[in-house]
Amino acid sequence: MKITLKWGFIAGAVLSTLVGCSDEDPEPVPEKTQLRVPLYPYIPDAAGDQLQAMAARIESEFEQAHPEVDLIVNPSCFNDDFYDPEALARSLKGEGECAYDVVETDTVILRELVALNAVRPWPRLPQNIDWHPAGLAASRQQQSTYGVPHWLCGDFIISRDESVRQARTESALRHALAGLDTPKPDMAVNLLGSWNLPALYLDAWADRNGSANVASAVTTSNYDSVALQSLRSFVQTCQSAGANPCIDGTYDQDENFDLPATLFATGQVDATMGYSERLHVIIRNLPAGQSASDLKISSAPLAEGSHPILFTDSYFLGTRCTGACEQAALAFVDYMSQPSTFEWILMSEDAPAGTRVPRYLLPATLDSYATPKLQADPFYPVLNVESREGGPFPNGGLLNIRHQMRDDILTAITSEG
């Protein structure tokens, strides 16, 4: 009993000494600010890993510079449709099953997001960035900037012929394609879809009338008959062996979305049309021994003029992201807007070096094109020139009438006479 008491006394004394060896309590570890951001997913999956390596590098680089923030890119619970403003609004307000703070999506639904009180204006844009004017215009509503522009998208013709590349009107394009005089179809592109076909009509409308007032063409009445006729003529470039796969559903396949691009890559059609990132798919599918240096790309003329319009994908700030969350969000868009960040994403540096193909997306910042790797690339300088004068695609109004527009336009461009 004495021995037990003795050792108990000694242990207690030691413990008392250890506890009392510091005059101050240890500093509590500050809690990190969590920032949850779903990124727009419809970009080339350069590493073939569902963009996981890209997201991991974004998180790593950002958190290294901002250790006070726990950045979660593409939360695993996210399953909202990026084109469903009501679902996005619930989640941005914290009412859905997967709350998040910032979302990157298409400005085509910006008006609807604002009307649902899901987003609020950014306190400021990232500083010292040379923004493409179309991206800024598409990100504004009610004289306020609701979006930080990230990607731009426009329609391009991809071919292997210089005369096709130089065609700047729809009739000149048809003439150049016919002049190739090959047994292959002139064109492969999916012209169907409730977003796709109205967007192509708006592009044709802008080519004919200029891009300044293209929002007025978002309507189910008073279609521009001349723009429709140009689009109808363009559709005929797809005609082959009595069929037209561009409008008969052949290319309208979710499970084989890249079919038109792969047909062109493998030499089965003379040209294809699509966003600039189709180049990524085409280069990846070139047969062994064929070089990408033969490829030509130019803005798509869909009427008797050349006034491209550009979609914009922007970052939107949720209404409940205030205080420390807002500061983390501002730091995040600052990082994502830097030319160096654009450079590694555009050059697909998240993919293994041996199989790396640039994404060929259009950055929403013009100074990204001045980075060394983009300047040295054979296509990025061309994309810069071809898209620099593009105007903004309308940022609202199309959502609820797109199906009717698609049906009206499809009837007009497939009718005889």
# chains A, B, ... in the order shown; residues from 1 in each chain; ligands from 1
call {"tool": "residues_around", "arguments": {"residues": "Leu202 (chain A)", "least_positions_apart": "5", "cutoff": "10 Å", "atoms": "only C-alpha atoms", "output": "list of chain:residue names"}}
result
A:Asn196, A:Leu197, A:Asp207, A:Arg208, A:Ser211, A:Val214, A:Ala215, A:Ser216, A:Ala217, A:Val218, A:Asp224, A:Ala227, A:Leu228, A:Leu302, A:Pro308, A:Ile309, A:Phe393, A:Pro394
call {"tool": "write_last_selection", "arguments": {"atoms": "all heavy atoms", "output": "CSV table (one decimal), in the first residue's frame"}}
result
chain,number,residue,atom,x,y,z
A,196,ASN,N,-29.1,23.2,-79.3
A,196,ASN,CA,-28.2,23.3,-80.5
A,196,ASN,C,-28.8,24.0,-81.7
A,196,ASN,O,-28.2,25.0,-82.2
A,196,ASN,CB,-27.7,21.9,-80.9
A,196,ASN,CG,-26.5,21.9,-81.7
A,196,ASN,OD1,-25.7,22.8,-81.7
A,196,ASN,ND2,-26.4,20.9,-82.6
A,197,LEU,N,-29.9,23.6,-82.1
A,197,LEU,CA,-30.5,24.2,-83.3
A,197,LEU,C,-30.9,25.6,-83.2
A,197,LEU,O,-30.6,26.5,-84.0
A,197,LEU,CB,-31.6,23.3,-83.8
A,197,LEU,CG,-32.2,23.7,-85.2
A,197,LEU,CD1,-31.0,23.6,-86.3
A,197,LEU,CD2,-33.3,22.7,-85.7
A,207,ASP,N,-24.8,36.5,-88.1
A,207,ASP,CA,-23.9,36.6,-89.3
A,207,ASP,C,-24.6,37.5,-90.3
A,207,ASP,O,-24.0,38.3,-91.1
A,207,ASP,CB,-23.7,35.2,-89.9
A,207,ASP,CG,-22.6,34.5,-89.3
A,207,ASP,OD1,-21.8,35.1,-88.5
A,207,ASP,OD2,-22.4,33.3,-89.5
A,208,ARG,N,-25.9,37.5,-90.4
A,208,ARG,CA,-26.7,38.3,-91.3
A,208,ARG,C,-26.9,39.7,-90.8
A,208,ARG,O,-26.8,40.7,-91.6
A,208,ARG,CB,-28.0,37.6,-91.6
A,208,ARG,CG,-29.0,38.5,-92.3
A,208,ARG,CD,-30.2,37.7,-92.8
A,208,ARG,NE,-31.4,38.6,-92.9
A,208,ARG,CZ,-31.6,39.5,-93.9
A,208,ARG,NH1,-30.7,39.7,-94.8
A,208,ARG,NH2,-32.8,40.2,-93.9
A,211,SER,N,-24.1,41.1,-84.4
A,211,SER,CA,-24.3,40.5,-83.1
A,211,SER,C,-24.9,41.4,-82.1
A,211,SER,O,-25.3,40.9,-81.0
A,211,SER,CB,-23.0,39.9,-82.6
A,211,SER,OG,-22.1,40.9,-82.4
A,214,VAL,N,-28.7,40.5,-81.2
A,214,VAL,CA,-29.1,39.1,-81.4
A,214,VAL,C,-30.1,38.6,-80.3
A,214,VAL,O,-30.9,37.7,-80.6
A,214,VAL,CB,-27.8,38.2,-81.4
A,214,VAL,CG1,-27.2,38.1,-80.0
A,214,VAL,CG2,-28.2,36.8,-81.9
A,215,ALA,N,-30.2,39.3,-79.2
A,215,ALA,CA,-31.1,38.9,-78.2
A,215,ALA,C,-32.6,39.0,-78.7
A,215,ALA,O,-33.5,38.3,-78.2
A,215,ALA,CB,-30.9,39.7,-76.9
A,216,SER,N,-32.8,39.9,-79.6
A,216,SER,CA,-34.1,40.1,-80.1
A,216,SER,C,-34.6,38.9,-81.0
A,216,SER,O,-35.8,38.8,-81.2
A,216,SER,CB,-34.2,41.4,-81.0
A,216,SER,OG,-33.4,41.3,-82.2
A,217,ALA,N,-33.6,38.1,-81.4
A,217,ALA,CA,-34.0,36.9,-82.2
A,217,ALA,C,-34.4,35.7,-81.3
A,217,ALA,O,-34.7,34.7,-81.9
A,217,ALA,CB,-32.8,36.6,-83.1
A,218,VAL,N,-34.3,35.9,-80.0
A,218,VAL,CA,-34.7,34.8,-79.1
A,218,VAL,C,-36.3,34.9,-79.0
A,218,VAL,O,-36.8,35.5,-78.1
A,218,VAL,CB,-34.1,34.9,-77.8
A,218,VAL,CG1,-34.5,33.7,-76.9
A,218,VAL,CG2,-32.6,34.9,-77.9
A,224,ASP,N,-36.2,35.3,-89.0
A,224,ASP,CA,-35.6,35.9,-90.1
A,224,ASP,C,-35.6,34.9,-91.3
A,224,ASP,O,-34.8,33.9,-91.2
A,224,ASP,CB,-34.2,36.4,-89.7
A,224,ASP,CG,-33.5,37.1,-90.8
A,224,ASP,OD1,-33.6,36.8,-92.0
A,224,ASP,OD2,-32.8,38.1,-90.5
A,227,ALA,N,-32.1,34.3,-92.9
A,227,ALA,CA,-31.2,33.6,-92.1
A,227,ALA,C,-31.6,32.1,-92.1
A,227,ALA,O,-30.7,31.2,-92.2
A,227,ALA,CB,-31.2,34.1,-90.6
A,228,LEU,N,-32.9,31.8,-92.1
A,228,LEU,CA,-33.4,30.4,-92.2
A,228,LEU,C,-33.0,29.8,-93.5
A,228,LEU,O,-32.6,28.6,-93.6
A,228,LEU,CB,-34.9,30.4,-92.0
A,228,LEU,CG,-35.4,30.6,-90.6
A,228,LEU,CD1,-36.9,30.7,-90.6
A,228,LEU,CD2,-35.0,29.4,-89.7
A,302,LEU,N,-22.6,31.1,-91.2
A,302,LEU,CA,-23.9,30.4,-91.4
A,302,LEU,C,-24.9,31.3,-92.1
A,302,LEU,O,-26.0,30.9,-92.3
A,302,LEU,CB,-24.4,30.0,-90.0
A,302,LEU,CG,-23.6,28.9,-89.3
A,302,LEU,CD1,-24.1,28.7,-87.9
A,302,LEU,CD2,-23.5,27.6,-90.1
A,308,PRO,N,-19.4,36.3,-85.7
A,308,PRO,CA,-19.6,35.2,-84.7
A,308,PRO,C,-20.1,35.6,-83.4
A,308,PRO,O,-19.9,36.7,-82.9
A,308,PRO,CB,-18.1,34.7,-84.6
A,308,PRO,CG,-17.3,35.8,-85.0
A,308,PRO,CD,-18.0,36.6,-86.0
A,309,ILE,N,-20.9,34.7,-82.8
A,309,ILE,CA,-21.3,34.9,-81.4
A,309,ILE,C,-20.7,33.8,-80.5
A,309,ILE,O,-20.5,32.7,-81.0
A,309,ILE,CB,-22.8,35.0,-81.2
A,309,ILE,CG1,-23.5,33.8,-81.9
A,309,ILE,CG2,-23.4,36.3,-81.9
A,309,ILE,CD1,-25.0,33.8,-81.6
A,393,PHE,N,-23.4,35.7,-76.8
A,393,PHE,CA,-24.7,35.0,-76.9
A,393,PHE,C,-25.7,35.5,-75.9
A,393,PHE,O,-25.3,35.9,-74.8
A,393,PHE,CB,-24.4,33.5,-76.7
A,393,PHE,CG,-25.6,32.6,-77.2
A,393,PHE,CD1,-25.6,32.2,-78.5
A,393,PHE,CD2,-26.6,32.2,-76.3
A,393,PHE,CE1,-26.7,31.3,-78.9
A,393,PHE,CE2,-27.6,31.4,-76.7
A,393,PHE,CZ,-27.6,31.0,-78.0
A,394,PRO,N,-26.9,35.6,-76.2
A,394,PRO,CA,-27.9,36.1,-75.2
A,394,PRO,C,-27.9,35.3,-73.9
A,394,PRO,O,-27.7,34.1,-73.9
A,394,PRO,CB,-29.3,35.8,-75.9
A,394,PRO,CG,-28.9,35.8,-77.4
A,394,PRO,CD,-27.6,35.2,-77.5
call {"tool": "residues_around", "arguments": {"residues": "region 35-41 of chain A", "least_positions_apart": "5", "cutoff": "9 Å", "atoms": "only C-alpha atoms", "output": "number ranges by chain"}}
result
A: 50-51, 55, 69-75, 78, 82, 99-106, 313-315, 321, 325, 328-329, 332
call {"tool": "residues_around", "arguments": {"residues": "Val281 (chain A)", "least_positions_apart": "4", "cutoff": "12 Å", "atoms": "only C-alpha atoms", "output": "ChimeraX atom specification"}}
result
/A:43-46,158,257-266,272,274-277,285-286,292,356-361
call {"tool": "select_by_dssp", "arguments": {"residues": "region 131-194 of chain A", "states": "helix (DSSP H, G or I)", "output": "list in words"}}
result
Pro133, Ala134, Gly135, Leu136, Ala137, Ala138, Glu162, Ser163, Val164, Arg165, Gln166, Glu170, Ser171, Ala172, Leu173, Arg174, His175, Ala176, Leu177, Ala178, Gly179 and Leu180 of chain A
call {"tool": "closest_residue", "arguments": {"among": "A:His66, A:Arg111, A:Lys32, A:His132", "to": "Leu399 (chain A)", "atoms": "only C-alpha atoms"}}
result
A:Arg111
call {"tool": "closest_atom_pairs", "arguments": {"of": "region 193-262 of chain A", "to": "region 159-171 of chain A", "cutoff": "10 Å", "atoms": "only C-alpha atoms", "output": "tab-separated table"}}
result
residue	atom	partner	partner_atom	distance
A:Ala204	CA	A:Glu170	CA	9.1
A:Asp207	CA	A:Thr169	CA	8.4
A:Arg208	CA	A:Thr169	CA	9.5
A:Ser230	CA	A:Glu170	CA	6.7
A:Leu231	CA	A:Glu170	CA	8.3
A:Ser233	CA	A:Glu170	CA	8.0
A:Phe234	CA	A:Glu170	CA	6.7
call {"tool": "residues_around", "arguments": {"residues": "Ile129 (chain A)", "least_positions_apart": "2", "cutoff": "10 Å", "atoms": "only C-alpha atoms", "output": "number ranges by chain"}}
result
A: 125-127, 131-132, 334, 337-339, 364-368
call {"tool": "write_last_selection", "arguments": {"atoms": "all heavy atoms", "output": "mmCIF file, in the first residue's frame"}}
result
data_model
loop_
_atom_site.group_PDB
_atom_site.id
_atom_site.type_symbol
_atom_site.label_atom_id
_atom_site.label_comp_id
_atom_site.auth_asym_id
_atom_site.auth_seq_id
_atom_site.Cartn_x
_atom_site.Cartn_y
_atom_site.Cartn_z
ATOM 1 N N LEU A 125 -14.211 41.999 -59.848
ATOM 2 C CA LEU A 125 -13.612 41.018 -60.743
ATOM 3 C C LEU A 125 -12.134 40.858 -60.405
ATOM 4 O O LEU A 125 -11.528 41.752 -59.797
ATOM 5 C CB LEU A 125 -13.739 41.482 -62.193
ATOM 6 C CG LEU A 125 -15.103 41.351 -62.858
ATOM 7 C CD1 LEU A 125 -15.093 42.057 -64.211
ATOM 8 C CD2 LEU A 125 -15.499 39.895 -63.026
ATOM 9 N N PRO A 126 -11.529 39.728 -60.767
ATOM 10 C CA PRO A 126 -10.074 39.614 -60.624
ATOM 11 C C PRO A 126 -9.374 40.779 -61.317
ATOM 12 O O PRO A 126 -9.792 41.223 -62.397
ATOM 13 C CB PRO A 126 -9.773 38.279 -61.316
ATOM 14 C CG PRO A 126 -11.021 37.481 -61.112
ATOM 15 C CD PRO A 126 -12.148 38.474 -61.229
ATOM 16 N N GLN A 127 -8.325 41.256 -60.688
ATOM 17 C CA GLN A 127 -7.642 42.467 -61.162
ATOM 18 C C GLN A 127 -6.588 42.144 -62.225
ATOM 19 O O GLN A 127 -6.042 41.051 -62.279
ATOM 20 C CB GLN A 127 -6.984 43.184 -59.984
ATOM 21 C CG GLN A 127 -7.962 43.577 -58.883
ATOM 22 C CD GLN A 127 -9.007 44.558 -59.361
ATOM 23 O OE1 GLN A 127 -8.675 45.667 -59.792
ATOM 24 N NE2 GLN A 127 -10.268 44.167 -59.294
ATOM 25 N N TRP A 131 -9.914 40.848 -70.187
ATOM 26 C CA TRP A 131 -11.089 40.027 -70.460
ATOM 27 C C TRP A 131 -11.548 40.167 -71.907
ATOM 28 O O TRP A 131 -11.463 41.246 -72.499
ATOM 29 C CB TRP A 131 -12.250 40.433 -69.556
ATOM 30 C CG TRP A 131 -11.957 40.341 -68.098
ATOM 31 C CD1 TRP A 131 -11.586 41.366 -67.266
ATOM 32 C CD2 TRP A 131 -11.991 39.163 -67.293
ATOM 33 N NE1 TRP A 131 -11.402 40.894 -66.000
ATOM 34 C CE2 TRP A 131 -11.634 39.552 -65.965
ATOM 35 C CE3 TRP A 131 -12.291 37.823 -67.556
ATOM 36 C CZ2 TRP A 131 -11.585 38.639 -64.925
ATOM 37 C CZ3 TRP A 131 -12.233 36.919 -66.510
ATOM 38 C CH2 TRP A 131 -11.884 37.327 -65.216
ATOM 39 N N HIS A 132 -12.066 39.090 -72.467
ATOM 40 C CA HIS A 132 -12.734 39.189 -73.764
ATOM 41 C C HIS A 132 -14.054 39.932 -73.538
ATOM 42 O O HIS A 132 -14.831 39.571 -72.648
ATOM 43 C CB HIS A 132 -13.009 37.794 -74.332
ATOM 44 C CG HIS A 132 -13.406 37.801 -75.772
ATOM 45 N ND1 HIS A 132 -14.557 38.426 -76.237
ATOM 46 C CD2 HIS A 132 -12.811 37.258 -76.879
ATOM 47 C CE1 HIS A 132 -14.653 38.263 -77.542
ATOM 48 N NE2 HIS A 132 -13.606 37.574 -77.959
ATOM 49 N N ASP A 334 -9.709 34.554 -58.518
ATOM 50 C CA ASP A 334 -8.424 35.179 -58.829
ATOM 51 C C ASP A 334 -7.451 34.129 -59.366
ATOM 52 O O ASP A 334 -6.779 34.346 -60.387
ATOM 53 C CB ASP A 334 -7.824 35.832 -57.586
ATOM 54 C CG ASP A 334 -8.473 37.160 -57.238
ATOM 55 O OD1 ASP A 334 -9.188 37.715 -58.089
ATOM 56 O OD2 ASP A 334 -8.264 37.635 -56.104
ATOM 57 N N SER A 337 -8.364 32.748 -62.842
ATOM 58 C CA SER A 337 -8.281 33.727 -63.925
ATOM 59 C C SER A 337 -6.858 34.068 -64.323
ATOM 60 O O SER A 337 -6.649 34.809 -65.297
ATOM 61 C CB SER A 337 -9.017 35.021 -63.523
ATOM 62 O OG SER A 337 -10.374 34.762 -63.223
ATOM 63 N N GLN A 338 -5.878 33.545 -63.605
ATOM 64 C CA GLN A 338 -4.486 33.858 -63.927
ATOM 65 C C GLN A 338 -4.068 33.187 -65.238
ATOM 66 O O GLN A 338 -4.435 32.034 -65.501
ATOM 67 C CB GLN A 338 -3.566 33.400 -62.803
ATOM 68 C CG GLN A 338 -3.757 34.169 -61.511
ATOM 69 C CD GLN A 338 -3.627 35.665 -61.711
ATOM 70 O OE1 GLN A 338 -2.620 36.155 -62.255
ATOM 71 N NE2 GLN A 338 -4.640 36.404 -61.280
ATOM 72 N N PRO A 339 -3.286 33.862 -66.081
ATOM 73 C CA PRO A 339 -2.807 33.246 -67.323
ATOM 74 C C PRO A 339 -2.077 31.928 -67.083
ATOM 75 O O PRO A 339 -2.206 30.992 -67.871
ATOM 76 C CB PRO A 339 -1.869 34.311 -67.899
ATOM 77 C CG PRO A 339 -2.392 35.597 -67.373
ATOM 78 C CD PRO A 339 -2.892 35.288 -65.993
ATOM 79 N N ALA A 364 -11.573 32.853 -71.614
ATOM 80 C CA ALA A 364 -12.319 34.116 -71.600
ATOM 81 C C ALA A 364 -11.419 35.308 -71.319
ATOM 82 O O ALA A 364 -11.899 36.433 -71.209
ATOM 83 C CB ALA A 364 -13.433 34.055 -70.554
ATOM 84 N N THR A 365 -10.112 35.071 -71.214
ATOM 85 C CA THR A 365 -9.149 36.145 -70.998
ATOM 86 C C THR A 365 -8.168 36.181 -72.164
ATOM 87 O O THR A 365 -7.599 35.157 -72.544
ATOM 88 C CB THR A 365 -8.374 35.949 -69.687
ATOM 89 O OG1 THR A 365 -7.605 34.748 -69.759
ATOM 90 C CG2 THR A 365 -9.337 35.859 -68.506
ATOM 91 N N LEU A 366 -7.975 37.355 -72.719
ATOM 92 C CA LEU A 366 -7.118 37.490 -73.895
ATOM 93 C C LEU A 366 -5.642 37.352 -73.555
ATOM 94 O O LEU A 366 -4.845 36.921 -74.396
ATOM 95 C CB LEU A 366 -7.388 38.836 -74.567
ATOM 96 C CG LEU A 366 -8.819 39.015 -75.107
ATOM 97 C CD1 LEU A 366 -9.015 40.426 -75.654
ATOM 98 C CD2 LEU A 366 -9.140 37.980 -76.177
ATOM 99 N N ASP A 367 -5.265 37.700 -72.310
ATOM 100 C CA ASP A 367 -3.841 37.595 -71.964
ATOM 101 C C ASP A 367 -3.387 36.150 -71.826
ATOM 102 O O ASP A 367 -2.183 35.884 -71.813
ATOM 103 C CB ASP A 367 -3.503 38.400 -70.709
ATOM 104 C CG ASP A 367 -4.531 38.283 -69.610
ATOM 105 O OD1 ASP A 367 -5.499 37.526 -69.778
ATOM 106 O OD2 ASP A 367 -4.374 38.961 -68.581
ATOM 107 N N SER A 368 -4.324 35.200 -71.759
ATOM 108 C CA SER A 368 -3.921 33.790 -71.733
ATOM 109 C C SER A 368 -3.208 33.388 -73.019
ATOM 110 O O SER A 368 -2.320 32.531 -73.000
ATOM 111 C CB SER A 368 -5.149 32.894 -71.529
ATOM 112 O OG SER A 368 -5.775 33.166 -70.303
#
call {"tool": "select_by_dssp", "arguments": {"residues": "region 123-334 of chain A", "states": "strand (DSSP E)", "output": "PyMOL selection string"}}
result
chain A and resi 140-141+144-145+147-153+156-159+187-188+271-274+296-299+309-318
call {"tool": "write_last_selection", "arguments": {"atoms": "N, CA and C atoms", "output": "mmCIF file, in the first residue's frame"}}
result
data_model
loop_
_atom_site.group_PDB
_atom_site.id
_atom_site.type_symbol
_atom_site.label_atom_id
_atom_site.label_comp_id
_atom_site.auth_asym_id
_atom_site.auth_seq_id
_atom_site.Cartn_x
_atom_site.Cartn_y
_atom_site.Cartn_z
ATOM 1 N N ARG A 140 -23.237 39.899 -67.373
ATOM 2 C CA ARG A 140 -23.901 41.025 -66.728
ATOM 3 C C ARG A 140 -25.417 40.941 -66.867
ATOM 4 N N GLN A 141 -26.109 41.350 -65.823
ATOM 5 C CA GLN A 141 -27.555 41.508 -65.811
ATOM 6 C C GLN A 141 -27.886 42.712 -64.939
ATOM 7 N N SER A 144 -25.226 44.865 -63.408
ATOM 8 C CA SER A 144 -24.351 44.275 -62.403
ATOM 9 C C SER A 144 -23.635 43.062 -62.978
ATOM 10 N N THR A 145 -22.409 42.828 -62.513
ATOM 11 C CA THR A 145 -21.627 41.692 -62.984
ATOM 12 C C THR A 145 -21.876 40.499 -62.068
ATOM 13 N N GLY A 147 -21.243 37.266 -63.158
ATOM 14 C CA GLY A 147 -20.375 36.153 -63.507
ATOM 15 C C GLY A 147 -18.938 36.578 -63.703
ATOM 16 N N VAL A 148 -18.016 35.699 -63.313
ATOM 17 C CA VAL A 148 -16.607 35.853 -63.654
ATOM 18 C C VAL A 148 -16.349 34.934 -64.843
ATOM 19 N N PRO A 149 -16.113 35.474 -66.038
ATOM 20 C CA PRO A 149 -16.006 34.635 -67.237
ATOM 21 C C PRO A 149 -14.837 33.657 -67.158
ATOM 22 N N HIS A 150 -15.051 32.455 -67.695
ATOM 23 C CA HIS A 150 -14.000 31.445 -67.685
ATOM 24 C C HIS A 150 -13.747 30.901 -69.085
ATOM 25 N N TRP A 151 -14.740 30.253 -69.702
ATOM 26 C CA TRP A 151 -14.580 29.704 -71.050
ATOM 27 C C TRP A 151 -15.513 30.404 -72.023
ATOM 28 N N LEU A 152 -15.101 30.459 -73.290
ATOM 29 C CA LEU A 152 -15.944 30.896 -74.397
ATOM 30 C C LEU A 152 -16.111 29.733 -75.363
ATOM 31 N N CYS A 153 -17.215 29.722 -76.084
ATOM 32 C CA CYS A 153 -17.472 28.681 -77.094
ATOM 33 C C CYS A 153 -18.070 29.330 -78.325
ATOM 34 N N PHE A 156 -17.089 26.605 -85.240
ATOM 35 C CA PHE A 156 -15.937 26.638 -86.142
ATOM 36 C C PHE A 156 -16.076 25.554 -87.202
ATOM 37 N N ILE A 157 -15.518 25.834 -88.371
ATOM 38 C CA ILE A 157 -15.385 24.845 -89.432
ATOM 39 C C ILE A 157 -13.967 24.274 -89.353
ATOM 40 N N ILE A 158 -13.864 22.951 -89.347
ATOM 41 C CA ILE A 158 -12.566 22.287 -89.329
ATOM 42 C C ILE A 158 -12.448 21.445 -90.601
ATOM 43 N N SER A 159 -11.401 21.681 -91.352
ATOM 44 C CA SER A 159 -11.206 20.985 -92.631
ATOM 45 C C SER A 159 -9.717 20.752 -92.843
ATOM 46 N N MET A 187 -19.835 17.528 -95.229
ATOM 47 C CA MET A 187 -19.901 18.020 -93.858
ATOM 48 C C MET A 187 -20.499 16.968 -92.941
ATOM 49 N N ALA A 188 -20.021 16.935 -91.691
ATOM 50 C CA ALA A 188 -20.616 16.108 -90.642
ATOM 51 C C ALA A 188 -20.741 16.956 -89.387
ATOM 52 N N ALA A 271 -15.250 17.787 -93.990
ATOM 53 C CA ALA A 271 -15.192 18.843 -92.973
ATOM 54 C C ALA A 271 -16.176 18.530 -91.856
ATOM 55 N N THR A 272 -15.994 19.202 -90.753
ATOM 56 C CA THR A 272 -16.942 19.110 -89.644
ATOM 57 C C THR A 272 -17.090 20.489 -89.023
ATOM 58 N N MET A 273 -18.143 20.664 -88.259
ATOM 59 C CA MET A 273 -18.363 21.929 -87.567
ATOM 60 C C MET A 273 -18.592 21.642 -86.086
ATOM 61 N N GLY A 274 -18.111 22.535 -85.233
ATOM 62 C CA GLY A 274 -18.308 22.383 -83.799
ATOM 63 C C GLY A 274 -17.506 23.407 -83.047
ATOM 64 N N LYS A 296 -7.193 22.679 -90.686
ATOM 65 C CA LYS A 296 -7.491 24.105 -90.828
ATOM 66 C C LYS A 296 -8.741 24.405 -90.012
ATOM 67 N N ILE A 297 -8.755 25.545 -89.313
ATOM 68 C CA ILE A 297 -9.915 25.916 -88.502
ATOM 69 C C ILE A 297 -10.239 27.384 -88.712
ATOM 70 N N SER A 298 -11.536 27.666 -88.799
ATOM 71 C CA SER A 298 -11.984 29.044 -88.990
ATOM 72 C C SER A 298 -13.394 29.187 -88.443
ATOM 73 N N SER A 299 -13.760 30.410 -88.115
ATOM 74 C CA SER A 299 -15.100 30.674 -87.601
ATOM 75 C C SER A 299 -16.140 30.275 -88.642
ATOM 76 N N ILE A 309 -20.868 34.717 -82.760
ATOM 77 C CA ILE A 309 -21.299 34.936 -81.387
ATOM 78 C C ILE A 309 -20.726 33.815 -80.524
ATOM 79 N N LEU A 310 -20.507 34.128 -79.265
ATOM 80 C CA LEU A 310 -19.797 33.221 -78.370
ATOM 81 C C LEU A 310 -20.608 32.952 -77.107
ATOM 82 N N PHE A 311 -20.736 31.686 -76.764
ATOM 83 C CA PHE A 311 -21.247 31.317 -75.449
ATOM 84 C C PHE A 311 -20.180 31.643 -74.405
ATOM 85 N N THR A 312 -20.621 31.837 -73.153
ATOM 86 C CA THR A 312 -19.694 32.059 -72.045
ATOM 87 C C THR A 312 -20.059 31.160 -70.880
ATOM 88 N N ASP A 313 -19.066 30.493 -70.306
ATOM 89 C CA ASP A 313 -19.232 29.787 -69.036
ATOM 90 C C ASP A 313 -18.563 30.640 -67.965
ATOM 91 N N SER A 314 -19.317 30.975 -66.920
ATOM 92 C CA SER A 314 -18.819 31.874 -65.884
ATOM 93 C C SER A 314 -19.012 31.269 -64.499
ATOM 94 N N TYR A 315 -18.269 31.823 -63.539
ATOM 95 C CA TYR A 315 -18.445 31.459 -62.134
ATOM 96 C C TYR A 315 -19.503 32.372 -61.515
ATOM 97 N N PHE A 316 -20.468 31.749 -60.814
ATOM 98 C CA PHE A 316 -21.530 32.505 -60.170
ATOM 99 C C PHE A 316 -21.464 32.315 -58.661
ATOM 100 N N LEU A 317 -21.652 33.407 -57.932
ATOM 101 C CA LEU A 317 -21.531 33.439 -56.476
ATOM 102 C C LEU A 317 -22.903 33.257 -55.844
ATOM 103 N N GLY A 318 -23.053 32.223 -55.008
ATOM 104 C CA GLY A 318 -24.317 31.971 -54.337
ATOM 105 C C GLY A 318 -24.673 33.075 -53.357
#
call {"tool": "closest_residue", "arguments": {"among": "A:Glu95, A:Glu31, A:Asp81, A:Glu343", "to": "Thr371 (chain A)", "atoms": "only C-alpha atoms"}}
result
A:Glu343
call {"tool": "residues_around", "arguments": {"residues": "Leu113 (chain A)", "least_positions_apart": "4", "cutoff": "10 Å", "atoms": "only C-alpha atoms", "output": "count of residues only"}}
result
17
call {"tool": "atom_distance", "arguments": {"atom1": "CA of Pro67 (chain A)", "atom2": "CA of Pro123 (chain A)"}}
result
22.3 Å
call {"tool": "decode", "arguments": {"residues": "region 287-300 of chain A", "atoms": "C-alpha atoms", "output": "mmCIF file, in the first residue's frame"}}
result
data_model
loop_
_atom_site.group_PDB
_atom_site.id
_atom_site.type_symbol
_atom_site.label_atom_id
_atom_site.label_comp_id
_atom_site.auth_asym_id
_atom_site.auth_seq_id
_atom_site.Cartn_x
_atom_site.Cartn_y
_atom_site.Cartn_z
ATOM 1 C CA PRO A 287 -4.820 7.576 -87.824
ATOM 2 C CA ALA A 288 -1.209 6.642 -87.175
ATOM 3 C CA GLY A 289 1.158 8.597 -89.377
ATOM 4 C CA GLN A 290 -1.201 11.526 -89.981
ATOM 5 C CA SER A 291 -0.200 14.952 -88.727
ATOM 6 C CA ALA A 292 -2.372 17.599 -87.122
ATOM 7 C CA SER A 293 -0.493 20.180 -89.194
ATOM 8 C CA ASP A 294 -2.877 19.521 -92.097
ATOM 9 C CA LEU A 295 -5.904 20.721 -90.102
ATOM 10 C CA LYS A 296 -7.491 24.105 -90.828
ATOM 11 C CA ILE A 297 -9.915 25.916 -88.502
ATOM 12 C CA SER A 298 -11.984 29.044 -88.990
ATOM 13 C CA SER A 299 -15.100 30.674 -87.601
ATOM 14 C CA ALA A 300 -18.235 29.113 -89.106
#
